[in-house]
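Enquirer: Contents of target.tsv (TSV, C-alpha atoms and all ligand atoms) are below:
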chain	number	residue	atom	x	y	z
A	9	MET	CA	11.22	-0.89	-19.61
A	10	ASP	CA	8.63	0.08	-17.07
A	11	CYS	CA	9.58	-0.96	-13.60
A	12	THR	CA	7.16	1.25	-11.70
A	13	LEU	CA	4.14	-0.97	-12.05
A	14	HIS	CA	2.69	-2.52	-9.01
A	15	GLN	CA	1.13	-5.45	-10.75
A	16	SER	CA	-0.93	-6.17	-13.78
A	17	LEU	CA	-4.50	-5.48	-12.80
A	18	GLY	CA	-5.46	-7.71	-15.65
A	19	ASP	CA	-4.12	-10.75	-13.85
A	20	VAL	CA	-6.68	-13.29	-12.81
A	21	PRO	CA	-6.31	-13.15	-9.05
A	22	ALA	CA	-4.14	-15.78	-7.43
A	23	ALA	CA	-3.62	-15.79	-3.68
A	24	HIS	CA	-1.42	-12.82	-2.80
A	25	GLN	CA	2.21	-13.75	-2.14
A	26	PRO	CA	4.04	-11.61	0.42
A	27	VAL	CA	6.98	-9.67	-1.05
A	28	MET	CA	10.51	-10.00	0.40
A	29	PRO	CA	9.34	-11.88	3.53
A	30	SER	CA	12.79	-13.08	4.66
A	31	GLU	CA	14.38	-9.66	4.16
A	32	LEU	CA	11.59	-8.10	6.23
A	33	LEU	CA	11.87	-10.59	9.10
A	34	GLN	CA	15.57	-9.87	9.25
A	35	ILE	CA	15.51	-6.10	8.91
A	36	LEU	CA	12.62	-5.72	11.36
A	37	GLU	CA	14.23	-8.20	13.78
A	38	VAL	CA	10.87	-9.89	14.34
A	39	GLY	CA	11.11	-12.55	17.04
A	40	PRO	CA	9.50	-13.92	20.21
A	41	GLY	CA	8.31	-11.38	22.76
A	42	LYS	CA	8.12	-8.46	20.34
A	43	LEU	CA	5.27	-6.02	19.86
A	44	VAL	CA	4.73	-5.92	16.10
A	45	LEU	CA	2.38	-3.92	13.85
A	46	ASP	CA	1.45	-5.05	10.35
A	47	SER	CA	-0.26	-1.82	9.30
A	48	THR	CA	-1.35	-3.21	5.91
A	49	CYS	CA	-2.25	-6.77	6.83
A	50	GLY	CA	-4.21	-7.60	3.66
A	51	GLY	CA	-4.93	-11.34	3.59
A	52	GLY	CA	-2.21	-11.85	6.21
A	53	GLY	CA	0.75	-13.05	4.09
A	54	HIS	CA	3.41	-11.17	6.04
A	55	SER	CA	1.50	-11.43	9.31
A	56	ILE	CA	1.60	-15.21	9.17
A	57	LYS	CA	5.38	-15.07	8.66
A	58	PHE	CA	5.60	-12.73	11.67
A	59	TYR	CA	3.52	-15.13	13.78
A	60	GLU	CA	5.82	-18.02	12.88
A	61	ALA	CA	8.97	-16.00	13.64
A	62	MET	CA	7.48	-14.89	16.98
A	63	ARG	CA	6.56	-18.50	17.80
A	64	GLY	CA	3.30	-17.25	19.22
A	65	ILE	CA	5.05	-15.19	21.92
A	66	GLY	CA	4.44	-11.43	21.96
A	67	THR	CA	1.69	-9.36	20.34
A	68	LEU	CA	0.87	-8.85	16.70
A	69	VAL	CA	-1.44	-6.01	15.67
A	70	CYS	CA	-2.98	-6.57	12.25
A	71	MET	CA	-4.47	-3.48	10.63
A	72	ASP	CA	-6.10	-2.83	7.27
A	73	ARG	CA	-8.37	-0.20	5.78
A	74	ASP	CA	-10.31	-2.95	4.04
A	75	PRO	CA	-12.61	-4.94	6.35
A	76	GLU	CA	-12.90	-7.70	3.73
A	77	MET	CA	-9.14	-8.24	3.83
A	78	LEU	CA	-9.13	-8.42	7.62
A	79	ALA	CA	-11.92	-11.01	7.51
A	80	LEU	CA	-9.83	-13.06	5.06
A	81	ALA	CA	-6.73	-12.79	7.27
A	82	GLN	CA	-8.79	-13.81	10.30
A	83	ARG	CA	-10.00	-16.93	8.48
A	84	ARG	CA	-6.44	-17.82	7.45
A	85	PHE	CA	-5.16	-17.32	11.01
A	86	ALA	CA	-7.98	-19.49	12.39
A	87	GLU	CA	-7.17	-22.25	9.86
A	88	ARG	CA	-3.59	-22.24	11.15
A	89	GLY	CA	-4.77	-22.41	14.74
A	90	VAL	CA	-3.23	-19.07	15.75
A	91	PRO	CA	-4.38	-18.38	19.35
A	92	GLU	CA	-6.95	-15.59	19.42
A	93	GLY	CA	-5.20	-13.56	22.11
A	94	PHE	CA	-2.00	-13.30	20.07
A	95	VAL	CA	-3.46	-11.00	17.42
A	96	ARG	CA	-5.26	-7.68	17.86
A	97	TRP	CA	-7.32	-6.68	14.81
A	98	VAL	CA	-7.75	-3.06	13.71
A	99	CYS	CA	-9.94	-1.98	10.83
A	100	GLY	CA	-9.00	1.49	9.65
A	101	SER	CA	-6.39	3.58	7.89
A	102	PHE	CA	-2.84	3.82	9.18
A	103	ALA	CA	-3.34	7.57	8.73
A	104	ASP	CA	-5.33	7.37	11.99
A	105	LEU	CA	-2.90	5.00	13.67
A	106	LYS	CA	-2.65	6.79	17.02
A	107	LEU	CA	-6.40	7.01	17.36
A	108	HIS	CA	-6.74	3.26	16.82
A	109	LEU	CA	-3.87	2.43	19.15
A	110	ALA	CA	-5.35	4.54	21.93
A	111	ARG	CA	-8.40	2.25	21.78
A	112	LEU	CA	-6.12	-0.79	22.15
A	113	GLY	CA	-4.08	0.82	24.92
A	114	ILE	CA	-0.85	0.39	22.93
A	115	GLU	CA	1.63	3.23	22.40
A	116	ARG	CA	4.93	1.83	21.13
A	117	PHE	CA	6.01	-0.96	18.77
A	118	ASP	CA	9.27	-2.85	18.28
A	119	ALA	CA	8.56	-3.35	14.58
A	120	ILE	CA	6.18	-1.82	12.06
A	121	LEU	CA	5.53	-2.88	8.47
A	122	ALA	CA	3.70	-0.93	5.76
A	123	ASP	CA	3.30	-2.89	2.50
A	124	LEU	CA	1.65	-0.26	0.33
A	125	GLY	CA	-0.98	-0.48	-2.37
A	126	LEU	CA	-3.31	-3.25	-3.41
A	127	SER	CA	-3.34	-6.96	-2.56
A	128	SER	CA	-3.93	-9.53	-5.29
A	129	ASP	CA	-6.62	-10.82	-2.94
A	130	GLN	CA	-8.57	-7.62	-3.69
A	131	LEU	CA	-8.67	-8.25	-7.44
A	132	THR	CA	-12.18	-9.67	-7.46
A	133	ALA	CA	-14.63	-8.41	-10.07
A	134	GLU	CA	-17.06	-6.71	-7.71
A	135	ARG	CA	-14.38	-4.47	-6.13
A	136	GLY	CA	-13.73	-2.71	-9.45
A	137	PHE	CA	-9.90	-2.82	-9.31
A	138	SER	CA	-9.49	-5.19	-12.26
A	139	PHE	CA	-10.01	-4.51	-15.94
A	140	VAL	CA	-10.09	-8.14	-17.01
A	141	GLN	CA	-12.91	-9.15	-14.75
A	142	ASP	CA	-15.68	-6.68	-15.52
A	143	GLY	CA	-16.90	-4.86	-12.46
A	144	PRO	CA	-18.47	-1.64	-11.20
A	145	LEU	CA	-16.37	1.55	-11.06
A	146	ASP	CA	-15.78	1.37	-7.32
A	147	MET	CA	-12.10	0.99	-6.26
A	148	ARG	CA	-12.65	1.99	-2.64
A	149	PHE	CA	-10.35	0.10	-0.28
A	150	SER	CA	-13.26	0.02	2.10
A	151	ARG	CA	-16.82	-0.11	0.87
A	152	ALA	CA	-17.84	0.95	4.38
A	153	GLU	CA	-16.09	4.33	4.05
A	154	ALA	CA	-18.28	7.27	3.06
A	155	ILE	CA	-16.08	8.31	0.14
A	156	PRO	CA	-17.16	8.59	-3.50
A	157	THR	CA	-16.64	5.58	-5.76
A	158	LEU	CA	-14.60	5.90	-8.93
A	159	GLY	CA	-17.82	6.19	-10.95
A	160	GLU	CA	-18.94	9.12	-8.79
A	161	ARG	CA	-15.52	10.79	-9.08
A	162	LEU	CA	-15.52	10.43	-12.85
A	163	GLU	CA	-18.97	11.98	-13.14
A	164	ARG	CA	-17.71	15.25	-11.64
A	165	ILE	CA	-13.98	15.52	-12.24
A	166	GLY	CA	-12.51	18.24	-14.50
A	167	ALA	CA	-9.95	17.61	-17.24
A	168	ASP	CA	-7.00	19.18	-15.37
A	169	ASP	CA	-7.63	17.30	-12.14
A	170	LEU	CA	-8.01	14.01	-14.00
A	171	GLU	CA	-4.82	14.61	-15.95
A	172	GLN	CA	-2.95	15.43	-12.74
A	173	ALA	CA	-4.29	12.30	-11.04
A	174	LEU	CA	-3.08	10.16	-13.94
A	175	ARG	CA	0.35	11.79	-13.83
A	176	ALA	CA	0.70	10.74	-10.18
A	177	ALA	CA	1.23	7.17	-11.44
A	178	ASP	CA	3.73	8.36	-14.06
A	179	GLU	CA	1.25	7.91	-16.95
A	180	ARG	CA	2.97	9.41	-19.98
A	181	PHE	CA	-0.27	9.86	-21.90
A	182	ALA	CA	-2.17	11.46	-19.01
A	183	ARG	CA	-3.57	14.36	-21.07
A	184	ARG	CA	-4.78	12.18	-23.93
A	185	ILE	CA	-6.36	9.66	-21.58
A	186	ALA	CA	-8.07	12.37	-19.50
A	187	ARG	CA	-9.55	13.91	-22.64
A	188	ALA	CA	-10.70	10.54	-23.97
A	189	ILE	CA	-12.45	9.74	-20.68
A	190	LEU	CA	-14.21	13.13	-20.61
A	191	ARG	CA	-15.24	12.86	-24.28
A	192	ARG	CA	-16.72	9.47	-23.55
A	193	ARG	CA	-18.45	10.86	-20.44
A	194	ASP	CA	-20.21	13.47	-22.59
A	195	GLN	CA	-22.12	10.61	-24.17
A	196	GLY	CA	-23.26	9.23	-20.81
A	197	PRO	CA	-21.69	7.64	-17.72
A	198	ILE	CA	-19.03	4.93	-18.10
A	199	ARG	CA	-20.47	1.91	-16.37
A	200	SER	CA	-17.79	-0.71	-15.89
A	201	THR	CA	-14.05	-1.37	-15.55
A	202	VAL	CA	-13.80	-3.16	-18.90
A	203	GLU	CA	-15.48	-0.24	-20.63
A	204	LEU	CA	-13.19	2.27	-18.91
A	205	ALA	CA	-10.11	0.24	-19.88
A	206	ARG	CA	-11.29	0.27	-23.50
A	207	VAL	CA	-11.56	4.08	-23.45
A	208	ILE	CA	-8.06	4.37	-21.92
A	209	ARG	CA	-6.50	2.02	-24.48
A	210	SER	CA	-8.15	3.95	-27.32
A	211	ALA	CA	-6.20	7.06	-26.24
A	212	ILE	CA	-2.75	5.46	-26.25
A	213	PRO	CA	-0.66	4.81	-29.35
A	214	LYS	CA	-0.09	1.09	-29.91
A	215	SER	CA	3.42	-0.07	-29.06
A	216	ARG	CA	5.34	-3.24	-28.51
A	217	GLU	CA	4.92	-2.80	-24.75
A	218	TRP	CA	1.23	-3.62	-25.18
A	219	ARG	CA	2.12	-7.28	-25.39
A	220	ARG	CA	3.91	-7.18	-22.07
A	221	ILE	CA	1.68	-4.99	-20.01
A	222	ASP	CA	-1.83	-3.72	-20.56
A	223	PRO	CA	-1.71	0.04	-21.28
A	224	ALA	CA	-4.62	0.65	-18.89
A	225	THR	CA	-2.56	-0.59	-15.92
A	226	LYS	CA	-1.04	2.73	-14.83
A	227	SER	CA	-4.29	4.61	-15.23
A	228	PHE	CA	-6.11	2.08	-13.10
A	229	MET	CA	-3.46	2.43	-10.40
A	230	ALA	CA	-3.67	6.24	-10.59
A	231	LEU	CA	-7.47	6.18	-10.31
A	232	ARG	CA	-7.30	3.86	-7.31
A	233	MET	CA	-4.88	6.29	-5.66
A	234	LEU	CA	-7.26	9.15	-6.40
A	235	VAL	CA	-10.34	7.40	-5.02
A	236	ASN	CA	-8.57	6.43	-1.78
A	237	ASP	CA	-6.51	9.62	-1.39
A	238	GLU	CA	-3.57	7.30	-0.95
A	239	ILE	CA	-0.62	9.67	-0.96
A	240	ARG	CA	-2.12	11.80	1.81
A	241	HIS	CA	-2.83	8.68	3.90
A	242	ILE	CA	0.75	7.46	3.38
A	243	GLN	CA	2.24	10.83	4.34
A	244	LYS	CA	0.23	11.06	7.56
A	245	GLY	CA	0.46	7.35	8.35
A	246	LEU	CA	4.25	7.23	8.09
A	247	VAL	CA	4.69	10.10	10.51
A	248	GLU	CA	2.28	8.50	13.00
A	249	ALA	CA	4.05	5.13	12.63
A	250	ILE	CA	7.49	6.66	13.28
A	251	GLU	CA	6.09	8.41	16.36
A	252	CYS	CA	4.74	5.06	17.59
A	253	LEU	CA	8.12	3.28	17.44
A	254	ALA	CA	9.88	2.36	20.67
A	255	ILE	CA	13.51	3.50	20.92
A	256	GLY	CA	15.34	0.76	19.02
A	257	GLY	CA	12.11	-0.06	17.17
A	258	ARG	CA	12.26	-0.62	13.42
A	259	ILE	CA	10.03	0.40	10.54
A	260	ALA	CA	10.02	-1.06	7.03
A	261	VAL	CA	8.02	0.14	4.04
A	262	LEU	CA	7.44	-1.66	0.76
A	263	SER	CA	6.46	0.66	-2.07
A	264	PHE	CA	5.58	-0.19	-5.66
A	265	HIS	CA	5.90	2.96	-7.69
A	266	SER	CA	7.91	6.15	-7.69
A	267	GLY	CA	5.13	8.32	-6.19
A	268	GLU	CA	4.93	6.11	-3.11
A	269	ASP	CA	8.69	5.69	-2.79
A	270	ARG	CA	9.25	9.45	-2.95
A	271	VAL	CA	6.99	9.98	0.08
A	272	VAL	CA	8.76	7.24	2.04
A	273	LYS	CA	12.21	8.62	1.21
A	274	GLN	CA	11.24	12.20	2.08
A	275	THR	CA	9.53	11.24	5.32
A	276	PHE	CA	12.48	9.15	6.52
A	277	ARG	CA	14.74	12.07	5.62
A	278	THR	CA	12.69	14.44	7.79
A	279	PHE	CA	13.49	12.29	10.83
A	280	ASP	CA	17.03	11.30	9.83
A	281	ILE	CA	19.42	11.85	12.77
A	282	ARG	CA	22.18	12.92	10.35
A	283	PHE	CA	20.27	16.10	9.58
A	284	ARG	CA	19.51	16.99	13.18
A	285	VAL	CA	21.52	19.95	14.35
A	286	LYS	CA	22.54	20.37	17.98
A	287	GLY	CA	19.95	22.22	20.03
A	288	ASP	CA	17.27	21.42	17.47
A	289	PRO	CA	13.92	22.39	19.06
A	290	GLY	CA	12.55	19.11	17.67
A	291	GLU	CA	14.94	17.22	19.91
A	292	ALA	CA	13.71	19.02	23.01
A	293	ALA	CA	10.12	18.37	21.96
A	294	GLY	CA	10.82	14.62	21.79
A	295	ARG	CA	10.65	14.48	18.02
A	296	PRO	CA	11.78	10.98	16.93
A	297	ALA	CA	15.18	10.50	15.30
A	298	LEU	CA	15.80	7.71	12.81
A	299	GLU	CA	18.89	6.00	11.54
A	300	LEU	CA	18.41	4.64	8.06
A	301	LEU	CA	18.97	0.90	7.66
A	302	THR	CA	18.78	1.22	3.87
A	303	ARG	CA	20.57	4.16	2.26
A	304	LYS	CA	19.27	2.89	-1.08
A	305	PRO	CA	16.07	0.88	-1.40
A	306	VAL	CA	16.49	-2.91	-1.29
A	307	ARG	CA	15.09	-4.73	-4.32
A	308	PRO	CA	13.89	-8.33	-4.50
A	309	GLY	CA	16.20	-10.95	-5.99
A	310	GLU	CA	15.84	-12.49	-9.45
A	311	ALA	CA	14.34	-15.73	-8.13
A	312	GLU	CA	11.59	-13.91	-6.25
A	313	CYS	CA	10.75	-11.73	-9.27
A	314	ARG	CA	10.41	-14.86	-11.37
A	315	SER	CA	8.15	-16.67	-8.95
A	316	ASN	CA	6.17	-13.55	-7.93
A	317	PRO	CA	6.03	-11.02	-10.81
A	318	ARG	CA	4.29	-8.54	-8.52
A	319	ALA	CA	7.58	-8.22	-6.60
A	320	ARG	CA	9.40	-6.79	-9.64
A	321	SER	CA	8.66	-3.17	-8.84
A	322	ALA	CA	9.04	-3.44	-5.05
A	323	LYS	CA	11.36	-1.15	-3.10
A	324	LEU	CA	12.07	-1.71	0.55
A	325	ARG	CA	13.21	1.11	2.83
A	326	ALA	CA	13.78	0.66	6.55
A	327	ALA	CA	14.94	2.64	9.56
A	328	VAL	CA	15.51	2.26	13.30
A	329	ARG	CA	14.44	4.80	15.90
A	330	VAL	CA	17.46	6.03	17.81
A	331	GLY	CA	16.04	8.98	19.71
B	401	LIG	C1	0.02	-4.97	-0.70
B	401	LIG	S1	-1.36	-5.29	0.30
B	401	LIG	C2	-0.69	-6.06	1.74
B	401	LIG	C3	-0.48	-7.51	1.58
B	401	LIG	C4	0.04	-8.22	2.82
B	401	LIG	N1	1.27	-7.64	3.28
B	401	LIG	C5	0.21	-9.70	2.55
B	401	LIG	O1	1.36	-10.16	2.49
B	401	LIG	O2	-0.81	-10.39	2.39
B	401	LIG	C6	-1.76	-3.71	0.88
B	401	LIG	C7	-2.92	-3.67	1.84
B	401	LIG	O3	-2.92	-2.36	2.41
B	401	LIG	C8	-4.25	-1.98	2.62
B	401	LIG	N2	-4.25	-0.52	2.72
B	401	LIG	C9	-4.16	0.40	1.73
B	401	LIG	N3	-4.17	1.64	2.24
B	401	LIG	C10	-4.24	1.50	3.59
B	401	LIG	C11	-4.29	2.42	4.67
B	401	LIG	N4	-4.27	3.74	4.46
B	401	LIG	N5	-4.35	1.93	5.93
B	401	LIG	C12	-4.37	0.59	6.16
B	401	LIG	N6	-4.36	-0.32	5.18
B	401	LIG	C13	-4.29	0.12	3.89
B	401	LIG	C14	-4.99	-2.53	1.42
B	401	LIG	O4	-6.36	-2.67	1.72
B	401	LIG	C15	-4.28	-3.88	1.22
B	401	LIG	O5	-4.96	-4.90	1.89
Using the file provided, produce a representation of the structure as structure tokens.
Ligand SMILES: C[S@@+](CC[C@H](N)C(=O)[O-])C[C@H]1O[C@@H](n2cnc3c(N)ncnc32)[C@H](O)[C@@H]1O
Expert:
Amino acid sequence: MDCTLHQSLGDVPAAHQPVMPSELLQILEVGPGKLVLDSTCGGGGHSIKFYEAMRGIGTLVCMDRDPEMLALAQRRFAERGVPEGFVRWVCGSFADLKLHLARLGIERFDAILADLGLSSDQLTAERGFSFVQDGPLDMRFSRAEAIPTLGERLERIGADDLEQALRAADERFARRIARAILRRRDQGPIRSTVELARVIRSAIPKSREWRRIDPATKSFMALRMLVNDEIRHIQKGLVEAIECLAIGGRIAVLSFHSGEDRVVKQTFRTFDIRFRVKGDPGEAAGRPALELLTRKPVRPGEAECRSNPRARSAKLRAAVRVG
């Protein structure tokens, strides 16, 4: 059974439900007076929980790479009557966290959340993330960023690079799918998400799993990661986030497939106090030290997985800065 899938991109979008909200409030110790960063605010699901737990006292920084998601979160906050001064909004990638914080005049947080990947609120046809609702081959988290769309990437990409990109999401049939896409490209550009999904499905042997999950799901996730250079942003963003924690500050990361989780695990390990040797030059240079709060990733409970299928593949890792 495949438990690495973030969500079915074929789902008709319902409002995004935050994953493991109670566990996060507890592990991050979010409460009144804290300085909290939601580095992947999306439509604000977790941020609203943070606001409630903080009872409006403290500061919440809401960040997202996608300006459309921030606009949605702002509307939801306004509907709930959240005072304007309580939230600071940042549009940009967490990979450039320090740059954005310098503009806000903030250096250290008590709690930081990164809830990786895509929000169900982004599954609208025109964004090109969904293969049920036909849309353009876009997939950029931000349409304001000067990066190539999926269509532009597919026009130029070579077979090996495409195969490697598909493997990043654990797609077993990466080679066959890459070849099928390039064969189809030889006849002219692929124009839409539904057409691309058809090409992908045609390359995969039919199996019983098809009934449970659309076989184009992993490829779509892999292509989204390629377009947005996601793994590199996560690697850089996690280091910046750890460096922006106050001593005693906590960081929690929700990941949804093995590629993401590997980066989180390795990055936490790099800062793990247990591996710091005495006289480590990193210590003298003020390099942060973390104590892991989760030796193994925490998984959502049965009830949550039933009510929010997207939660099924979630893994939560958290740590506290101790030095
Ligand atoms: C899973 S959703 C977050 C959902 C949110 N926690 C909620 O409960 O509504 C992930 C969000 O991260 C954003 N994102 C992806 N990469 C990012 C990056 N490098 N920097 C900042 N935000 C990013 C996406 O645009 C998306 O809105």
Enquirer: For ligand LIG 401 (chain B), return the neighbouring residues as a PyMOL selection string (distance at most 9 Å; all atoms listed in the file).
Expert: chain A and resi 23-27+29+46-57+71-78+81+99-105+121-130+148-150+236-242+245+262-264
Enquirer: Find the spatial neighbours of A:Ser227, counting all atoms listed in the file, within a cut-off of 7 Å - ignore same-chain residues fewer than 3 positions away - and output them as a list in words.
Expert: Leu174, Glu179, Ala224, Ala230 and Leu231 of chain A
Enquirer: Point out the residue among A:Ala152, A:Ala293, A:Val140, A:Ala119 with the least atom-to-atom distance to A:Asp222, counting only C-alpha atoms.
Expert: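 Under the stated criterion, the closest residue is A:Val140.
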Enquirer: Which distance in Å separates atom CA of A:Arg184 and atom CA of A:Glu134, to one decimal?
Expert: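 Answer for the atom CA of A:Arg184 to atom CA of A:Glu134 separation: 27.8 Å.
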Enquirer: Measuring atom to atom with all atoms listed in the file, identify which of A:Leu204, A:Ala86, A:Leu324, A:Leu112 is nearest to A:Asp142.
Expert: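 Nearest to A:Asp142: A:Leu204.
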Enquirer: Check the smallest atom-to-atom distance from each of A:Pro317, A:Gly256, A:Gly309, A:Gly89 to A:Ile120 using only C-alpha atoms, then report the winner.
Expert: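 Closest to A:Ile120, using only C-alpha atoms: A:Gly256.
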Enquirer: Would you mind reading off the distance between atom CA of A:Leu43 and atom CA of A:Ala110, one decimal, in Å?
Expert: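 Taking atom CA of A:Leu43 and atom CA of A:Ala110, their separation equals 15.1 Å.
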Enquirer: What does the distance from atom CA of A:Ile114 to atom CA of A:Gly294 come to in Å, to one decimal?
Expert: 18.4 Å
